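Participant: Next up is a structure, given as structure tokens.
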Amino acid sequence: MQAAWDAVLITGASSGLGRALALACARPGAVLHLSGRDAARLEEVAQACRAKGAQVRPAVLSVTDAAAMAAWIGAAGRLDLVIANAGISAGTGGATEPAAQSRAIFETNVTGVLNTALPAIDAMATQAPGADGVRGRVAVIASLAAFVAAPGAPAYCATKAAVQRWAEALDATERARGIRVHAVCPGYVRTPMTARNAFPMTFLMDAEDAARRTLAGIARGRVRIAYPWPTYALARLAGALPPALKAWIFARMPAKGQAG
Ligand SMILES: NC(=O)c1ccc[n+]([C@@H]2O[C@H](COP(=O)([O-])OP(=O)(O)OC[C@H]3O[C@@H](n4cnc5c(N)ncnc54)[C@H](OP(=O)(O)O)[C@@H]3O)[C@@H](O)[C@H]2O)c1
């Protein structure tokens, strides 16, 4: 099941999952607002979406720039679906996580999501409801890492837990005024983000598959869109372990490398 949204805004559309989401939403009649920081990669995605018949409005900007994000989203016109996808990831490499890395991950993955979702919700509140009775939808790309406080990626896991919980809690109040908020929690996806992981990734999926599952979950109106189920089950199990036992197990597993 996949709905066809007319006006879609996606952050981090210049690579990986954001790119696949943009291409999956591209069709004649669709208007796509796509952002990223790398102008050349963003333009390549814009061209591929135009080739599928979509109208594309690319914007080179950082999700960490609150004023620029509010101006961009406020000027977009009607928005049926906004996907706060931009994110960065890095781990400890088995050592102390550098302070600058922790701060950068929080700034992008949490503040960047707020800088996207809050102006989007403000704009949607003034829109008329669509045929499905919904004024607009905001999907936050969290991760299955939200359910595991993995010692190898403290900032990443914490930021994904923050946005997953925020999105799910927000949906309860926003749906009363016709706005839906979805928490998307993918497992491992084959993208540049995971390409440098030097450890085996269970049930690694293609970005196209992840985009299809994400959009199908949004179309079905699910608050939490977590996939694939075996990795979700493992993440829930690991998250439920006593912290000391979990730390003992994770100490024997490889950690994601540090940024740079
Ligand atoms: N890959 C996975 O296994 C996986 C699993 C679960 C969740 N996720 C989440 O999925 C999302 C997309 O990740 P991905 O795997 O597709 O990674 P990716 O290929 O590295 O893409 C990340 C995207 O985020 C953009 N971005 C990063 N910082 C930004 C900033 N400050 N402002 C604007 N855009 C920024 C990048 O744009 P530029 O390159 O143009 O800067 C790029 O388009 C992330 O939130 C990630 O945490 C990924």
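We label chains A, B, ... in the order they appear in the structure tokens, count residues from 1 in each chain, and number ligands from 1 in the order shown.
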Write out as number ranges by chain each polymer residue whose atoms come within 8 Å of region 5-7 of chain A, counting only C-alpha atoms; drop sequence neighbours fewer than 3 positions from it.
Facilitator: A: 25, 29-33, 78-81
Participant: Could I get the residue neighbourhood of ligand 1 at 8 Å, counting only C-alpha atoms and all ligand atoms, as number ranges by chain?
Facilitator: A: 11-19, 35-39, 41-42, 60-64, 84-89, 108-109, 112, 141-145, 156, 160, 185-194, 204, 207
Participant: Write to file, as a CSV table (one decimal), in the first residue's frame, the residues of the selection just made, with N, CA and C atoms.
Facilitator:
chain,number,residue,atom,x,y,z
A,11,THR,N,14.3,16.2,3.9
A,11,THR,CA,15.6,16.7,4.2
A,11,THR,C,16.6,15.5,4.0
A,12,GLY,N,17.8,15.9,3.7
A,12,GLY,CA,18.8,14.8,3.4
A,12,GLY,C,18.5,14.0,2.2
A,13,ALA,N,18.0,14.6,1.2
A,13,ALA,CA,17.6,13.9,0.0
A,13,ALA,C,18.7,13.7,-1.0
A,14,SER,N,19.9,14.1,-0.6
A,14,SER,CA,21.1,14.0,-1.6
A,14,SER,C,21.8,12.7,-1.5
A,15,SER,N,21.3,11.8,-0.7
A,15,SER,CA,22.0,10.5,-0.5
A,15,SER,C,21.1,9.4,0.1
A,16,GLY,N,21.5,8.2,0.0
A,16,GLY,CA,21.0,7.1,0.7
A,16,GLY,C,19.4,7.0,0.8
A,17,LEU,N,18.9,6.9,2.0
A,17,LEU,CA,17.5,6.7,2.2
A,17,LEU,C,16.7,7.9,1.7
A,18,GLY,N,17.2,9.1,2.0
A,18,GLY,CA,16.5,10.3,1.5
A,18,GLY,C,16.3,10.4,0.0
A,19,ARG,N,17.4,10.0,-0.7
A,19,ARG,CA,17.4,9.9,-2.2
A,19,ARG,C,16.3,8.9,-2.6
A,35,SER,N,16.1,18.8,0.2
A,35,SER,CA,17.3,19.5,0.8
A,35,SER,C,18.5,18.6,1.0
A,36,GLY,N,19.7,19.2,1.1
A,36,GLY,CA,20.9,18.6,1.4
A,36,GLY,C,22.0,19.6,1.5
A,37,ARG,N,23.2,19.2,1.8
A,37,ARG,CA,24.3,20.3,1.8
A,37,ARG,C,25.1,20.2,0.6
A,38,ASP,N,25.2,19.0,0.0
A,38,ASP,CA,26.1,18.8,-1.2
A,38,ASP,C,25.2,19.1,-2.5
A,39,ALA,N,25.6,20.3,-3.1
A,39,ALA,CA,24.7,20.8,-4.2
A,39,ALA,C,24.8,19.8,-5.4
A,41,ARG,N,25.3,16.5,-5.5
A,41,ARG,CA,24.6,15.2,-5.3
A,41,ARG,C,23.1,15.5,-5.2
A,42,LEU,N,22.7,16.7,-4.7
A,42,LEU,CA,21.3,17.0,-4.6
A,42,LEU,C,20.7,17.3,-6.0
A,60,VAL,N,19.8,23.9,-1.0
A,60,VAL,CA,21.1,23.6,-0.4
A,60,VAL,C,21.1,24.3,0.9
A,61,LEU,N,20.9,23.6,2.0
A,61,LEU,CA,21.0,24.2,3.3
A,61,LEU,C,21.1,23.1,4.4
A,62,SER,N,21.6,23.6,5.6
A,62,SER,CA,21.8,22.6,6.7
A,62,SER,C,20.6,22.7,7.6
A,63,VAL,N,20.2,21.5,8.1
A,63,VAL,CA,19.1,21.4,9.0
A,63,VAL,C,19.4,22.0,10.3
A,64,THR,N,20.7,22.3,10.6
A,64,THR,CA,21.1,23.0,11.8
A,64,THR,C,20.8,24.5,11.8
A,84,ALA,N,11.6,14.3,7.9
A,84,ALA,CA,12.8,14.8,8.6
A,84,ALA,C,13.8,13.6,8.6
A,85,ASN,N,14.5,13.5,7.5
A,85,ASN,CA,15.4,12.3,7.3
A,85,ASN,C,16.9,12.6,7.5
A,86,ALA,N,17.3,13.9,7.3
A,86,ALA,CA,18.8,14.2,7.4
A,86,ALA,C,19.3,13.7,8.8
A,87,GLY,N,20.4,13.0,8.7
A,87,GLY,CA,21.1,12.6,10.0
A,87,GLY,C,22.5,12.2,9.8
A,88,ILE,N,23.3,12.2,10.8
A,88,ILE,CA,24.7,11.7,10.8
A,88,ILE,C,24.9,10.6,11.8
A,89,SER,N,25.9,9.8,11.6
A,89,SER,CA,26.1,8.7,12.5
A,89,SER,C,27.6,8.5,12.7
A,108,THR,N,22.5,17.8,14.7
A,108,THR,CA,21.9,17.3,13.4
A,108,THR,C,20.7,16.5,13.7
A,109,ASN,N,20.8,15.4,14.5
A,109,ASN,CA,19.8,14.4,14.6
A,109,ASN,C,18.6,14.8,15.5
A,112,GLY,N,18.2,19.3,14.4
A,112,GLY,CA,17.8,19.4,12.9
A,112,GLY,C,16.4,18.8,12.7
A,141,ILE,N,12.7,10.3,10.7
A,141,ILE,CA,13.5,9.1,10.6
A,141,ILE,C,14.3,8.9,11.8
A,142,ALA,N,13.9,8.0,12.7
A,142,ALA,CA,14.7,7.6,13.8
A,142,ALA,C,15.5,6.4,13.4
A,143,SER,N,15.5,5.3,14.2
A,143,SER,CA,16.3,4.1,13.9
A,143,SER,C,15.9,3.0,14.9
A,144,LEU,N,16.2,1.8,14.6
A,144,LEU,CA,16.1,0.7,15.6
A,144,LEU,C,17.1,0.9,16.7
A,145,ALA,N,18.1,1.8,16.4
A,145,ALA,CA,19.1,2.1,17.5
A,145,ALA,C,18.4,2.9,18.7
A,156,TYR,N,24.6,8.6,19.0
A,156,TYR,CA,23.6,8.2,17.9
A,156,TYR,C,22.4,7.5,18.5
A,160,LYS,N,18.5,9.1,18.5
A,160,LYS,CA,17.4,8.3,17.8
A,160,LYS,C,16.3,8.0,18.8
A,185,CYS,N,11.5,3.7,12.2
A,185,CYS,CA,12.7,3.1,12.8
A,185,CYS,C,13.2,2.0,12.0
A,186,PRO,N,14.1,2.3,11.0
A,186,PRO,CA,14.7,1.3,10.1
A,186,PRO,C,15.8,0.5,10.8
A,187,GLY,N,16.0,-0.7,10.4
A,187,GLY,CA,17.2,-1.5,10.8
A,187,GLY,C,18.3,-1.0,9.8
A,188,TYR,N,19.3,-1.9,9.6
A,188,TYR,CA,20.4,-1.6,8.7
A,188,TYR,C,20.0,-1.4,7.3
A,189,VAL,N,20.4,-0.2,6.7
A,189,VAL,CA,20.1,0.0,5.3
A,189,VAL,C,21.4,0.3,4.6
A,190,ARG,N,21.5,-0.3,3.3
A,190,ARG,CA,22.7,-0.1,2.5
A,190,ARG,C,22.8,1.3,2.0
A,191,THR,N,23.5,2.2,2.6
A,191,THR,CA,23.7,3.6,2.2
A,191,THR,C,25.2,4.0,2.5
A,192,PRO,N,25.6,5.2,2.1
A,192,PRO,CA,27.0,5.6,2.5
A,192,PRO,C,27.2,5.6,4.0
A,193,MET,N,26.1,5.8,4.8
A,193,MET,CA,26.2,5.8,6.2
A,193,MET,C,26.7,4.5,6.8
A,194,THR,N,26.2,3.4,6.2
A,194,THR,CA,26.6,2.1,6.7
A,194,THR,C,27.8,1.5,5.9
A,204,LEU,N,20.5,-6.6,6.5
A,204,LEU,CA,20.8,-5.3,5.7
A,204,LEU,C,19.9,-5.2,4.5
A,207,ALA,N,18.2,0.6,0.1
A,207,ALA,CA,17.5,1.9,0.4
A,207,ALA,C,16.1,1.9,-0.2
Participant: What gap, in Å, lies between CA of Trp166 (chain A) and CA of Gly239 (chain A)?
Facilitator: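 The value is 18.1 Å.
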Participant: What is the CA of Ala247 (chain A) to CA of Pro151 (chain A) distance in Å?
Facilitator: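 Interatomic distance, CA of Ala247 (chain A) to CA of Pro151 (chain A): 6.9 Å.
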Participant: Write out as a VMD selection string the residues lying within 9 Å of region 20-23 of chain A, counting only C-alpha atoms and excluding same-chain residues fewer than 3 positions away.
Facilitator: chain A and resid 8 to 10 13 15 to 17 26 to 27 32 34 45 to 46 48 to 49 52 83 207 to 212 214 to 215
Participant: Can you work out the spacing between CA of Val110 (chain A) and CA of Arg213 (chain A) in Å, to one decimal?
Facilitator: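 That distance, rounded to one decimal, is 23.0 Å.
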Participant: For the structure I just gave you, how does DSSP split region 8-155 of chain A - specifically, which residues are helix (DSSP H, G or I)? Reply as a VMD selection string.
Facilitator: chain A and resid 16 to 25 39 to 51 66 to 74 99 to 125 144 to 147 154 to 155
Participant: Under the rule that only C-alpha atoms are counted, which of A:Ile105, A:Ala158, A:Ala195, A:Val140 is the nearest residue to Asp171 (chain A)?
Facilitator: A:Val140
Participant: Do a neighbour search on Ala176 (chain A) at 12 Å with only C-alpha atoms, toss out local chain neighbours closer than 3 positions, and write the hits as an NGL selection string.
Facilitator: :A and (125 or 133-135 or 170-173 or 179-181)
Participant: I need the chosen residues saved as a PDB file, in the first residue's frame, with N, CA and C atoms.
Facilitator:
ATOM      1  N   ALA A 125      -0.954  23.234  10.248  1.00  0.00           N
ATOM      2  CA  ALA A 125      -2.112  23.598  11.080  1.00  0.00           C
ATOM      3  C   ALA A 125      -3.024  24.599  10.362  1.00  0.00           C
ATOM      4  N   GLY A 133      -8.879  13.453   5.258  1.00  0.00           N
ATOM      5  CA  GLY A 133      -9.195  14.142   6.508  1.00  0.00           C
ATOM      6  C   GLY A 133      -7.968  14.630   7.267  1.00  0.00           C
ATOM      7  N   VAL A 134      -6.770  14.402   6.688  1.00  0.00           N
ATOM      8  CA  VAL A 134      -5.521  14.789   7.361  1.00  0.00           C
ATOM      9  C   VAL A 134      -4.998  16.080   6.733  1.00  0.00           C
ATOM     10  N   ARG A 135      -4.595  17.030   7.590  1.00  0.00           N
ATOM     11  CA  ARG A 135      -4.046  18.297   7.071  1.00  0.00           C
ATOM     12  C   ARG A 135      -2.629  18.109   6.531  1.00  0.00           C
ATOM     13  N   LEU A 170       4.095  13.158  20.332  1.00  0.00           N
ATOM     14  CA  LEU A 170       3.491  14.318  19.655  1.00  0.00           C
ATOM     15  C   LEU A 170       2.274  13.915  18.825  1.00  0.00           C
ATOM     16  N   ASP A 171       2.327  12.713  18.251  1.00  0.00           N
ATOM     17  CA  ASP A 171       1.230  12.275  17.383  1.00  0.00           C
ATOM     18  C   ASP A 171      -0.108  12.269  18.127  1.00  0.00           C
ATOM     19  N   ALA A 172      -0.056  11.925  19.403  1.00  0.00           N
ATOM     20  CA  ALA A 172      -1.307  11.812  20.167  1.00  0.00           C
ATOM     21  C   ALA A 172      -2.052  13.146  20.221  1.00  0.00           C
ATOM     22  N   THR A 173      -1.324  14.242  20.408  1.00  0.00           N
ATOM     23  CA  THR A 173      -2.002  15.538  20.494  1.00  0.00           C
ATOM     24  C   THR A 173      -2.225  16.147  19.113  1.00  0.00           C
ATOM     25  N   ILE A 179      -3.253  16.550  12.216  1.00  0.00           N
ATOM     26  CA  ILE A 179      -1.866  16.374  11.747  1.00  0.00           C
ATOM     27  C   ILE A 179      -1.347  15.055  12.320  1.00  0.00           C
ATOM     28  N   ARG A 180      -0.684  14.263  11.507  1.00  0.00           N
ATOM     29  CA  ARG A 180      -0.129  12.992  11.973  1.00  0.00           C
ATOM     30  C   ARG A 180       1.394  13.086  12.034  1.00  0.00           C
ATOM     31  N   VAL A 181       1.950  12.448  13.063  1.00  0.00           N
ATOM     32  CA  VAL A 181       3.413  12.404  13.223  1.00  0.00           C
ATOM     33  C   VAL A 181       3.817  10.935  13.330  1.00  0.00           C
TER      34      VAL A 181
END
Participant: Any chance you could tabulate, as a tab-separated table, the residues of region 205-256 of chain A at most 12 Å from region 198-201 of chain A with each one's nearest atom pair and distance in Å to one decimal, using only C-alpha atoms, in chain and rising number order?
Facilitator:
residue	atom	partner	partner_atom	distance
A:Met205	CA	A:Met201	CA	9.4
A:Thr231	CA	A:Met201	CA	9.8
A:Met253	CA	A:Phe199	CA	8.8
A:Pro254	CA	A:Phe199	CA	6.6
A:Ala255	CA	A:Phe199	CA	8.1
A:Lys256	CA	A:Ala198	CA	7.4
Participant: I'd like the neighbourhood of region 68-71 of chain A as a PDB file with C-alpha atoms, in the first residue's frame, where a residue qualifies if any of its atoms comes within 7 Å (using only C-alpha atoms), though same-chain residues fewer than 2 positions away should be ignored.
Facilitator:
ATOM      1  CA  VAL A  63      19.079  21.383   8.991  1.00  0.00           C
ATOM      2  CA  ASP A  65      20.238  26.468  10.542  1.00  0.00           C
ATOM      3  CA  ALA A  66      16.890  27.078  12.279  1.00  0.00           C
ATOM      4  CA  ILE A  73       9.470  25.420   4.930  1.00  0.00           C
ATOM      5  CA  GLY A  74       7.310  28.521   5.410  1.00  0.00           C
ATOM      6  CA  ALA A  75       7.701  29.455   1.727  1.00  0.00           C
ATOM      7  CA  ASN A 115      14.069  22.626  12.907  1.00  0.00           C
ATOM      8  CA  THR A 116      12.204  20.586  10.274  1.00  0.00           C
ATOM      9  CA  PRO A 119       7.803  24.796  11.212  1.00  0.00           C
TER      10      PRO A 119
END
